[in-house]
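*Asks:* Following this message is one structure expressed as structure tokens.
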Amino acid sequence: MRILKLAAVVLVAVACGKESATNGSTATSTAASSGPVDLTGAGATFPYPVYSKWFAEYARSTGVKINYQSIGSGGGIRQLSEQTVDFGASDSPMSDQELVGAKGGPILHFPTVMGAVVITYNVPGLSAPLNLTPQVIAEIFSGRITKWSDTRITSLNSGAKLPASDILVVHRSDGSGTTFIFTDYLSTAVPAWKSAVGKGKEVKWPVGLGAKGNEGVAGQVKQTPGSIGYVELAYANQNKLPAAAIANQSGKFVSASVPGVTAAAAHIAASLPANTDYRISIVNAPGADSYPISSLTWILVYQHQPDTVKGKKLVDFLNWAYTDGESMASDLDYAPLPPELSSKLKSRLAEIQLASGK
Amino acid sequence: MTSISARWLERERRTLRVDQSAIGDRIYETVTTASALVIPALVIAIAIAIFVAALPAFARLGISIVTSSDWDVAGGHFGAAPAVFGTLVSSMVALVIATPLAIGVAVFLSEFSPPWLRQPVGFLVDLLAAIPSVVYGLWGIFVLIPLLREKVMPFLRDTLHLGATPFFSGAAYGPSMLAAGVILAIMALPYISSVSREVLLAVPRSQREAALALGATRWEMIRDAVIPYARSGIIGGIMLGLGRALGETMAVTMVIGNRPEISASLFAPGYTMASLIANEFSEATNDMHLSALMAVGASLFVITLIVNAIARWLVWRVSRSRS
């Protein structure tokens, strides 16, 4: 009796499974003609919102499906090196050592969009944005300026009422591209920072509290009067956090904005050598409108694509991203590449070699 | 004599076997044996995987990975001593807070509570164990930390003048070893109280009646007859709570301040081994960095084993001293 019942249950389950399977296959065949997923990628979390928008739009217009796992730049680089994904994505360029370790041969860096890091703070009674120079930022984050009323800060902010309270530095505790951009900027603009702390996704902070993620830093800063921290531009814009104006190379105080980041990239791109590998930093860029704490983010692909079909799809997608994708970036608070840079990169797609034969 | 009885036993077992060799029994035996073997195999496999991955770091850095205080990824220095310190101290703080509370709850529920209250209170305490740790972390950031910073820390430091001791001195930012300890205490509490309650309820009635018959008050009965009887079980519960506290990651990362420094003050931010791994693992591209994080994981594994061994020894000693 019991066995009969069991058999009946199993039969029903099998029938249901079959039915849902057929439903599923018809659903996918209308969306994409060739298989469930065409390309897989893994990497940076920072550009994930704009990438997922791209992949959705691209699937709608071409039927090619791309699955992207935002597991972090480190994981993306590891998976690409092991050839378990078709492309990687990273917020910091791969090091020479990492490039040598890649199993599939030479890897090409393709910048996609740009982001920026803003300095946010909680100073009661401040109405205008705080003005800061790289020198002062470095001294605050290395604990050499400890009070908001320090003359090195007040001299940049005449008219602002700054309290005599202690400064509490809040930094990221997790390894992150945001920390890389921020410390890359300080290392570039302030020689003393470079020798004392250096740059990296995680560094040895001389002072301060570590908080996990943009939301951790922002939450800590919001809650603690007298604190200062750094978060990425998109996060700061969407949460309307106060942001400091930073003195750029030409001495102008610039607030973080999407056009300011694109301007920085345009100035750097103008002076790029013809044979650049695009592992470039755009921090502390020249130009009066350039926001200085800006960075590219990259999609990483093997130069020699072993699978012709996949390789072709990847090239087509990147071509689409540089043609149609860029304009979608600024809606999501990412900075699009300057047009001259994206057209250069489009022609660079020809360097990707597809395996000959079938 | 012995050989005869042994032979008899063997024959008896064989006949029993034949009697019980119904197919259901054999399936049951296979399934239970398999599950009993799978779990230890899994633990051993995890240990091997972690130690193999940690090998390059141990080979290059040796014991300095847990004794040095210099954690500087860019410079290639991996010394996780502050994280080891933070793991031990935050768990100790948690036990100091949680143990009296949890035993209080357990004694109340087993000895004093009216029967209609026992179920709901017990259920709510157990429910603490079901709350996801990230929810504890959020609660820590938005409720606990402001409370500690504005009320508890100034009270301890200034009103009680504990600021004169090194343990409660310094600036009160909020995220701190104390915040981590309090969060961990709340998370460990249901484990300790739940086990203690069951153990106390299992103390035989005769034990209680004997104490009362000798003229003990209710309190004396609990103190002298019930708790000593249940002591080894209560210690087991405390160790279960300690295990929870040592391994907790997310909630601690959100409230401890993640600063790799050893400080005597509970107001200072700290770090734990689990937080260190959680923070840095996803972006660790450099091989030595990855291996060093694995070495921290292996060390945490060993520390947990040592703590468990101490717990077993304590339980053994307590139960031996009673008998």
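By order of appearance in the structure tokens: chains A, B, ..., then residues from 1 within every chain, and ligands from 1 in the order shown.
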Could you make a table, as a Markdown table, of the residues of range 177-271 of chain A that have an atom within 9 Å of an atom of range 103-117 of chain A, each with its nearest atom pair and distance in Å to one decimal, counting only C-alpha atoms, in chain and number order?
*Replies:*
| residue | atom | partner | partner_atom | distance |
| --- | --- | --- | --- | --- |
| A:Thr178 | CA | A:Val117 | CA | 6.6 |
| A:Thr179 | CA | A:Val117 | CA | 8.7 |
| A:Ile181 | CA | A:Val117 | CA | 7.1 |
| A:Phe182 | CA | A:Val117 | CA | 6.6 |
| A:Tyr230 | CA | A:Val117 | CA | 6.5 |
| A:Val231 | CA | A:Val117 | CA | 5.6 |
| A:Glu232 | CA | A:Val117 | CA | 4.3 |
| A:Leu233 | CA | A:Ala116 | CA | 5.2 |
| A:Ala234 | CA | A:Gly115 | CA | 7.6 |
| A:Ala236 | CA | A:Val117 | CA | 8.8 |
| A:Ala256 | CA | A:Ala116 | CA | 7.3 |
| A:Ser257 | CA | A:Ala116 | CA | 8.2 |
| A:Val258 | CA | A:Gly115 | CA | 8.0 |
| A:Val261 | CA | A:Ala116 | CA | 6.8 |
| A:Thr262 | CA | A:Met114 | CA | 7.6 |
| A:Ala265 | CA | A:Met114 | CA | 8.4 |
*Asks:* For the selection you just gave me, I'd like the residues written to a file as a compact mmCIF listing (two decimals), in the first residue's frame, keeping N, CA and C atoms.
*Replies:*
# COMPACT_ATOMS: atom_id res chain seq x y z
N THR A 178 37.73 50.21 -4.64
CA THR A 178 37.58 51.57 -4.15
C THR A 178 38.82 52.00 -3.37
N THR A 179 39.30 51.11 -2.51
CA THR A 179 40.52 51.40 -1.75
C THR A 179 41.70 51.53 -2.70
N ILE A 181 41.72 52.60 -5.83
CA ILE A 181 41.67 53.90 -6.52
C ILE A 181 42.11 55.02 -5.57
N PHE A 182 41.59 54.97 -4.35
CA PHE A 182 41.89 56.03 -3.39
C PHE A 182 43.38 56.06 -3.04
N TYR A 230 35.77 57.36 2.64
CA TYR A 230 35.68 57.44 1.19
C TYR A 230 34.75 56.35 0.68
N VAL A 231 33.92 56.71 -0.30
CA VAL A 231 33.02 55.73 -0.93
C VAL A 231 33.01 56.01 -2.43
N GLU A 232 32.46 55.08 -3.19
CA GLU A 232 32.47 55.30 -4.64
C GLU A 232 31.36 56.29 -5.04
N LEU A 233 31.59 56.95 -6.16
CA LEU A 233 30.72 58.03 -6.62
C LEU A 233 29.27 57.60 -6.75
N ALA A 234 29.03 56.45 -7.41
CA ALA A 234 27.65 56.03 -7.63
C ALA A 234 26.92 55.86 -6.30
N ALA A 236 27.65 57.32 -3.43
CA ALA A 236 27.48 58.63 -2.78
C ALA A 236 26.33 59.40 -3.43
N ALA A 256 32.99 65.84 -7.21
CA ALA A 256 32.90 64.62 -8.01
C ALA A 256 31.64 64.65 -8.85
N SER A 257 31.79 64.34 -10.13
CA SER A 257 30.63 64.26 -11.01
C SER A 257 31.00 63.38 -12.20
N VAL A 258 29.99 62.86 -12.89
CA VAL A 258 30.25 62.01 -14.05
C VAL A 258 31.05 62.77 -15.13
N VAL A 261 34.78 63.00 -14.31
CA VAL A 261 35.54 61.76 -14.49
C VAL A 261 35.86 61.56 -15.97
N THR A 262 34.86 61.78 -16.83
CA THR A 262 35.10 61.63 -18.27
C THR A 262 36.17 62.62 -18.74
N ALA A 265 39.57 61.26 -17.96
CA ALA A 265 39.97 60.21 -18.90
C ALA A 265 40.36 60.80 -20.24
*Asks:* Residues of chain B were defined as contacting chain A if any atom lay at most 7 Å from it, counting only C-alpha atoms; please report them as a PyMOL selection string.
*Replies:* chain B and resi 71-74+254+257-259+269+279-280+282-285
*Asks:* To one decimal place, how far is CA of Asp86 in chain A from CA of Ile282 in chain A in Å?
*Replies:*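 For CA of Asp86 in chain A relative to CA of Ile282 in chain A, the distance reads 27.0 Å.
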*Asks:* Just list as a ChimeraX atom specification whatever in range 87-141 of chain A DSSP marks as helix (DSSP H, G or I).
*Replies:* /A:96-101,134-141
*Asks:* Would you kindly return, as a PyMOL selection string, each protein, DNA or RNA residue with an atom no farther than 10 Å from any atom of Ile192 in chain B, considering only C-alpha atoms and excluding same-chain residues fewer than 3 positions away?
*Replies:* chain B and resi 95+98-103+105-106+126+187-189+195-197+233-242
*Asks:* Store the residues picked out above in a file with C-alpha atoms, as a PDB file, in the first residue's frame.
*Replies:*
ATOM      1  CA  LEU B  95      31.083  34.357  27.723  1.00  0.00           C
ATOM      2  CA  ALA B  98      26.312  35.490  28.433  1.00  0.00           C
ATOM      3  CA  THR B  99      27.037  32.780  30.999  1.00  0.00           C
ATOM      4  CA  PRO B 100      25.361  34.316  34.078  1.00  0.00           C
ATOM      5  CA  LEU B 101      22.412  35.496  31.990  1.00  0.00           C
ATOM      6  CA  ALA B 102      21.962  32.145  30.284  1.00  0.00           C
ATOM      7  CA  ILE B 103      22.234  30.129  33.487  1.00  0.00           C
ATOM      8  CA  VAL B 105      17.320  31.981  32.360  1.00  0.00           C
ATOM      9  CA  ALA B 106      17.806  28.229  32.573  1.00  0.00           C
ATOM     10  CA  ASP B 126      15.791  29.629  21.490  1.00  0.00           C
ATOM     11  CA  MET B 187      24.323  35.082  19.889  1.00  0.00           C
ATOM     12  CA  ALA B 188      25.880  32.548  22.278  1.00  0.00           C
ATOM     13  CA  LEU B 189      23.205  32.928  24.950  1.00  0.00           C
ATOM     14  CA  VAL B 195      21.540  23.119  26.946  1.00  0.00           C
ATOM     15  CA  SER B 196      21.573  24.206  30.610  1.00  0.00           C
ATOM     16  CA  ARG B 197      17.784  24.136  30.793  1.00  0.00           C
ATOM     17  CA  GLY B 233      26.267  19.560  31.191  1.00  0.00           C
ATOM     18  CA  ILE B 234      26.253  23.307  31.836  1.00  0.00           C
ATOM     19  CA  ILE B 235      29.965  23.504  31.041  1.00  0.00           C
ATOM     20  CA  GLY B 236      29.235  21.631  27.819  1.00  0.00           C
ATOM     21  CA  GLY B 237      26.624  24.260  26.962  1.00  0.00           C
ATOM     22  CA  ILE B 238      29.069  27.076  27.688  1.00  0.00           C
ATOM     23  CA  MET B 239      31.612  25.466  25.382  1.00  0.00           C
ATOM     24  CA  LEU B 240      29.009  25.172  22.660  1.00  0.00           C
ATOM     25  CA  GLY B 241      28.381  28.909  23.063  1.00  0.00           C
ATOM     26  CA  LEU B 242      32.121  29.551  22.966  1.00  0.00           C
TER      27      LEU B 242
END
*Asks:* So how many Å separate CA of Gln79 in chain A and CA of Thr40 in chain A, to one decimal?
*Replies:*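 Computed distance, CA of Gln79 in chain A to CA of Thr40 in chain A, equals 10.7 Å.
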*Asks:* Identify, on the basis of only C-alpha atoms, every residue whose closest approach to Leu130 in chain A does not exceed 8 Å; exclude the query and any residue fewer than 5 positions from it along the same chain; express the result as a ChimeraX atom specification.
*Replies:* /A:157,243-245
*Asks:* Can you spit out the residues from that selection as a PDB file, in the first residue's frame, using C-alpha atoms?
*Replies:*
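Saved the output as again_14.pdb:
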ATOM      1  CA  ASN A 157      37.857  76.563   3.851  1.00  0.00           C
ATOM      2  CA  ALA A 243      31.202  65.021  -0.757  1.00  0.00           C
ATOM      3  CA  ALA A 244      34.377  67.091  -0.555  1.00  0.00           C
ATOM      4  CA  ALA A 245      35.660  69.164  -3.467  1.00  0.00           C
TER       5      ALA A 245
END
*Asks:* Mind the document's chain letters and residue numbers, and return as an MDAnalysis selection string the residues of range 9-96 of chain B that DSSP labels strand (DSSP E or B).
*Replies:* chainID B and resid 71:72 77:78
*Asks:* Restricted to C-alpha atoms, what would the selected residues look like written as a PDB file, in the first residue's frame?
*Replies:*
ATOM      1  CA  TRP B  71      49.684  42.616   8.518  1.00  0.00           C
ATOM      2  CA  ASP B  72      50.690  44.534   5.419  1.00  0.00           C
ATOM      3  CA  HIS B  77      54.003  40.839   5.796  1.00  0.00           C
ATOM      4  CA  PHE B  78      51.340  38.559   7.195  1.00  0.00           C
TER       5      PHE B  78
END
*Asks:* What is the CA of Pro204 in chain B to CA of Glu220 in chain B distance in Å?
*Replies:*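 Pair CA of Pro204 in chain B / CA of Glu220 in chain B returns 16.3 Å.
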*Asks:* Can you pull out the residues contacting Phe51 in chain B? Cut-off 9 Å, using only C-alpha atoms, and skip same-chain residues under 2 positions away; I want them as an NGL selection string.
*Replies:* :B and (46-49 or 53-55 or 294-295 or 297-298)
*Asks:* Just the selected residues (N, CA and C atoms), exported as an mmCIF file, in the first residue's frame, please.
*Replies:*
data_model
loop_
_atom_site.group_PDB
_atom_site.id
_atom_site.type_symbol
_atom_site.label_atom_id
_atom_site.label_comp_id
_atom_site.auth_asym_id
_atom_site.auth_seq_id
_atom_site.Cartn_x
_atom_site.Cartn_y
_atom_site.Cartn_z
ATOM 1 N N ILE B 46 38.109 18.679 4.981
ATOM 2 C CA ILE B 46 38.205 20.141 5.098
ATOM 3 C C ILE B 46 39.548 20.522 5.697
ATOM 4 N N ALA B 47 39.932 19.820 6.768
ATOM 5 C CA ALA B 47 41.205 20.131 7.421
ATOM 6 C C ALA B 47 42.361 19.966 6.444
ATOM 7 N N ILE B 48 42.349 18.866 5.687
ATOM 8 C CA ILE B 48 43.444 18.630 4.737
ATOM 9 C C ILE B 48 43.483 19.736 3.692
ATOM 10 N N ALA B 49 42.313 20.078 3.143
ATOM 11 C CA ALA B 49 42.273 21.109 2.096
ATOM 12 C C ALA B 49 42.824 22.432 2.620
ATOM 13 N N ALA B 53 46.393 24.239 1.419
ATOM 14 C CA ALA B 53 46.386 25.591 0.857
ATOM 15 C C ALA B 53 47.232 26.539 1.704
ATOM 16 N N ALA B 54 47.330 26.249 3.007
ATOM 17 C CA ALA B 54 48.076 27.135 3.904
ATOM 18 C C ALA B 54 49.575 26.834 3.903
ATOM 19 N N LEU B 55 49.934 25.707 3.309
ATOM 20 C CA LEU B 55 51.322 25.245 3.390
ATOM 21 C C LEU B 55 52.355 26.277 2.913
ATOM 22 N N MET B 294 44.535 31.386 4.242
ATOM 23 C CA MET B 294 44.257 29.982 4.536
ATOM 24 C C MET B 294 44.958 29.567 5.828
ATOM 25 N N ALA B 295 46.169 30.095 6.025
ATOM 26 C CA ALA B 295 46.909 29.773 7.249
ATOM 27 C C ALA B 295 46.177 30.324 8.466
ATOM 28 N N GLY B 297 42.966 30.646 8.596
ATOM 29 C CA GLY B 297 41.850 29.717 8.745
ATOM 30 C C GLY B 297 42.287 28.439 9.442
ATOM 31 N N ALA B 298 43.456 27.935 9.064
ATOM 32 C CA ALA B 298 43.967 26.717 9.692
ATOM 33 C C ALA B 298 44.229 26.957 11.169
#
*Asks:* So that I can see what lies close to Pro336 in chain A, please list as a ChimeraX atom specification the residues with an atom at most 12 Å from it, counting only C-alpha atoms and leaving out residues fewer than 2 positions away in the same chain.
*Replies:* /A:47,50,111-116,257-266,295-297,321-334,338-342
*Asks:* If you keep N, CA and C atoms, can you produce a file of those selected residues as a tab-separated table (two decimals), in the first residue's frame?
*Replies:*
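So selection-v1.tsv came out as:
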chain	number	residue	atom	x	y	z
A	47	PRO	N	31.39	47.51	-11.17
A	47	PRO	CA	30.62	47.84	-12.38
A	47	PRO	C	29.40	46.94	-12.59
A	50	VAL	N	26.02	48.38	-14.06
A	50	VAL	CA	26.03	48.78	-15.48
A	50	VAL	C	26.21	47.54	-16.36
A	111	PRO	N	39.18	48.71	-21.15
A	111	PRO	CA	38.43	49.58	-20.25
A	111	PRO	C	36.98	49.67	-20.72
A	112	THR	N	36.03	49.69	-19.78
A	112	THR	CA	34.62	49.75	-20.17
A	112	THR	C	33.96	51.05	-19.72
A	113	VAL	N	33.91	51.26	-18.43
A	113	VAL	CA	33.35	52.52	-17.92
A	113	VAL	C	34.30	53.03	-16.84
A	114	MET	N	33.90	54.15	-16.24
A	114	MET	CA	34.76	54.71	-15.21
A	114	MET	C	33.95	55.05	-13.97
A	115	GLY	N	34.65	55.05	-12.88
A	115	GLY	CA	34.04	55.44	-11.62
A	115	GLY	C	34.95	56.39	-10.90
A	116	ALA	N	34.49	56.86	-9.77
A	116	ALA	CA	35.30	57.78	-9.00
A	116	ALA	C	35.08	57.50	-7.52
A	257	SER	N	31.79	64.34	-10.13
A	257	SER	CA	30.63	64.26	-11.01
A	257	SER	C	31.00	63.38	-12.20
A	258	VAL	N	29.99	62.86	-12.89
A	258	VAL	CA	30.25	62.01	-14.05
A	258	VAL	C	31.05	62.77	-15.13
A	259	PRO	N	30.68	64.00	-15.50
A	259	PRO	CA	31.48	64.70	-16.52
A	259	PRO	C	32.92	64.95	-16.06
A	260	GLY	N	33.13	65.18	-14.75
A	260	GLY	CA	34.48	65.40	-14.24
A	260	GLY	C	35.37	64.19	-14.44
A	261	VAL	N	34.78	63.00	-14.31
A	261	VAL	CA	35.54	61.76	-14.49
A	261	VAL	C	35.86	61.56	-15.97
A	262	THR	N	34.86	61.78	-16.83
A	262	THR	CA	35.10	61.63	-18.27
A	262	THR	C	36.17	62.62	-18.74
A	263	ALA	N	36.14	63.83	-18.16
A	263	ALA	CA	37.14	64.83	-18.53
A	263	ALA	C	38.54	64.34	-18.16
A	264	ALA	N	38.66	63.73	-16.97
A	264	ALA	CA	39.97	63.21	-16.55
A	264	ALA	C	40.47	62.17	-17.54
A	265	ALA	N	39.57	61.26	-17.96
A	265	ALA	CA	39.97	60.21	-18.90
A	265	ALA	C	40.36	60.80	-20.24
A	266	ALA	N	39.64	61.84	-20.66
A	266	ALA	CA	39.94	62.45	-21.96
A	266	ALA	C	41.34	63.04	-21.96
A	295	SER	N	38.87	56.43	-11.91
A	295	SER	CA	39.53	55.23	-12.39
A	295	SER	C	38.72	54.53	-13.47
A	296	LEU	N	39.42	53.78	-14.30
A	296	LEU	CA	38.78	52.90	-15.27
A	296	LEU	C	38.43	51.59	-14.58
A	297	THR	N	37.51	50.84	-15.19
A	297	THR	CA	37.34	49.45	-14.80
A	297	THR	C	37.43	48.64	-16.09
A	321	ALA	N	29.09	47.23	-26.81
A	321	ALA	CA	29.24	48.03	-25.58
A	321	ALA	C	29.84	49.39	-25.90
A	322	TYR	N	30.88	49.40	-26.77
A	322	TYR	CA	31.52	50.68	-27.09
A	322	TYR	C	30.63	51.54	-27.98
A	323	THR	N	29.73	50.91	-28.77
A	323	THR	CA	28.87	51.68	-29.66
A	323	THR	C	27.61	52.16	-28.94
A	324	ASP	N	26.87	51.19	-28.36
A	324	ASP	CA	25.57	51.54	-27.77
A	324	ASP	C	25.57	51.56	-26.25
A	325	GLY	N	26.47	50.77	-25.65
A	325	GLY	CA	26.42	50.61	-24.19
A	325	GLY	C	26.84	51.85	-23.43
A	326	GLU	N	27.85	52.54	-23.95
A	326	GLU	CA	28.42	53.66	-23.19
A	326	GLU	C	27.38	54.69	-22.77
A	327	SER	N	26.41	54.93	-23.65
A	327	SER	CA	25.44	55.98	-23.34
A	327	SER	C	24.52	55.62	-22.17
A	328	MET	N	24.47	54.32	-21.83
A	328	MET	CA	23.61	53.92	-20.71
A	328	MET	C	24.29	54.14	-19.36
A	329	ALA	N	25.60	54.39	-19.37
A	329	ALA	CA	26.36	54.39	-18.12
A	329	ALA	C	25.96	55.52	-17.18
A	330	SER	N	25.80	56.73	-17.74
A	330	SER	CA	25.65	57.87	-16.83
A	330	SER	C	24.32	57.84	-16.07
A	331	ASP	N	23.30	57.15	-16.64
A	331	ASP	CA	22.04	57.02	-15.90
A	331	ASP	C	22.26	56.28	-14.59
A	332	LEU	N	23.26	55.42	-14.58
A	332	LEU	CA	23.53	54.61	-13.38
A	332	LEU	C	24.69	55.21	-12.58
A	333	ASP	N	25.03	56.46	-12.84
A	333	ASP	CA	26.11	57.17	-12.14
A	333	ASP	C	27.50	56.61	-12.42
A	334	TYR	N	27.66	55.99	-13.57
A	334	TYR	CA	29.00	55.62	-14.03
A	334	TYR	C	29.38	56.57	-15.15
A	338	PRO	N	35.37	58.71	-22.80
A	338	PRO	CA	35.30	59.78	-23.80
A	338	PRO	C	35.25	59.15	-25.20
A	339	PRO	N	34.51	59.77	-26.16
A	339	PRO	CA	34.29	59.13	-27.47
A	339	PRO	C	35.59	58.75	-28.19
A	340	GLU	N	36.62	59.59	-28.08
A	340	GLU	CA	37.86	59.27	-28.80
A	340	GLU	C	38.49	57.98	-28.26
A	341	LEU	N	38.31	57.75	-26.93
A	341	LEU	CA	38.87	56.54	-26.34
A	341	LEU	C	38.07	55.30	-26.77
A	342	SER	N	36.73	55.41	-26.75
A	342	SER	CA	35.94	54.23	-27.10
A	342	SER	C	36.12	53.87	-28.58
*Asks:* Calculated over only C-alpha atoms, which of the candidates A:Pro163, A:Pro134, A:Gly226, A:Pro242 has the smallest distance to Pro191 in chain A?
*Replies:*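 Comparing A:Pro163, A:Pro134, A:Gly226, A:Pro242 against Pro191 in chain A, the winner is A:Pro134.
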*Asks:* What's around Leu246 in chain B at 10 Å? Count only C-alpha atoms, leave out sequence neighbours fewer than 6 positions away in its own chain, and write the answer as a PyMOL selection string.
*Replies:* chain B and resi 86-92+94+184+188+272-274+300-301+303-304+307
*Asks:* For a quick check of understanding, using only C-alpha atoms, which of A:Ile280, A:Thr154, A:Lys240, A:Val217 has the smallest distance to Val255 in chain B?
*Replies:*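 Using only C-alpha atoms, the shortest distance to Val255 in chain B belongs to A:Val217.
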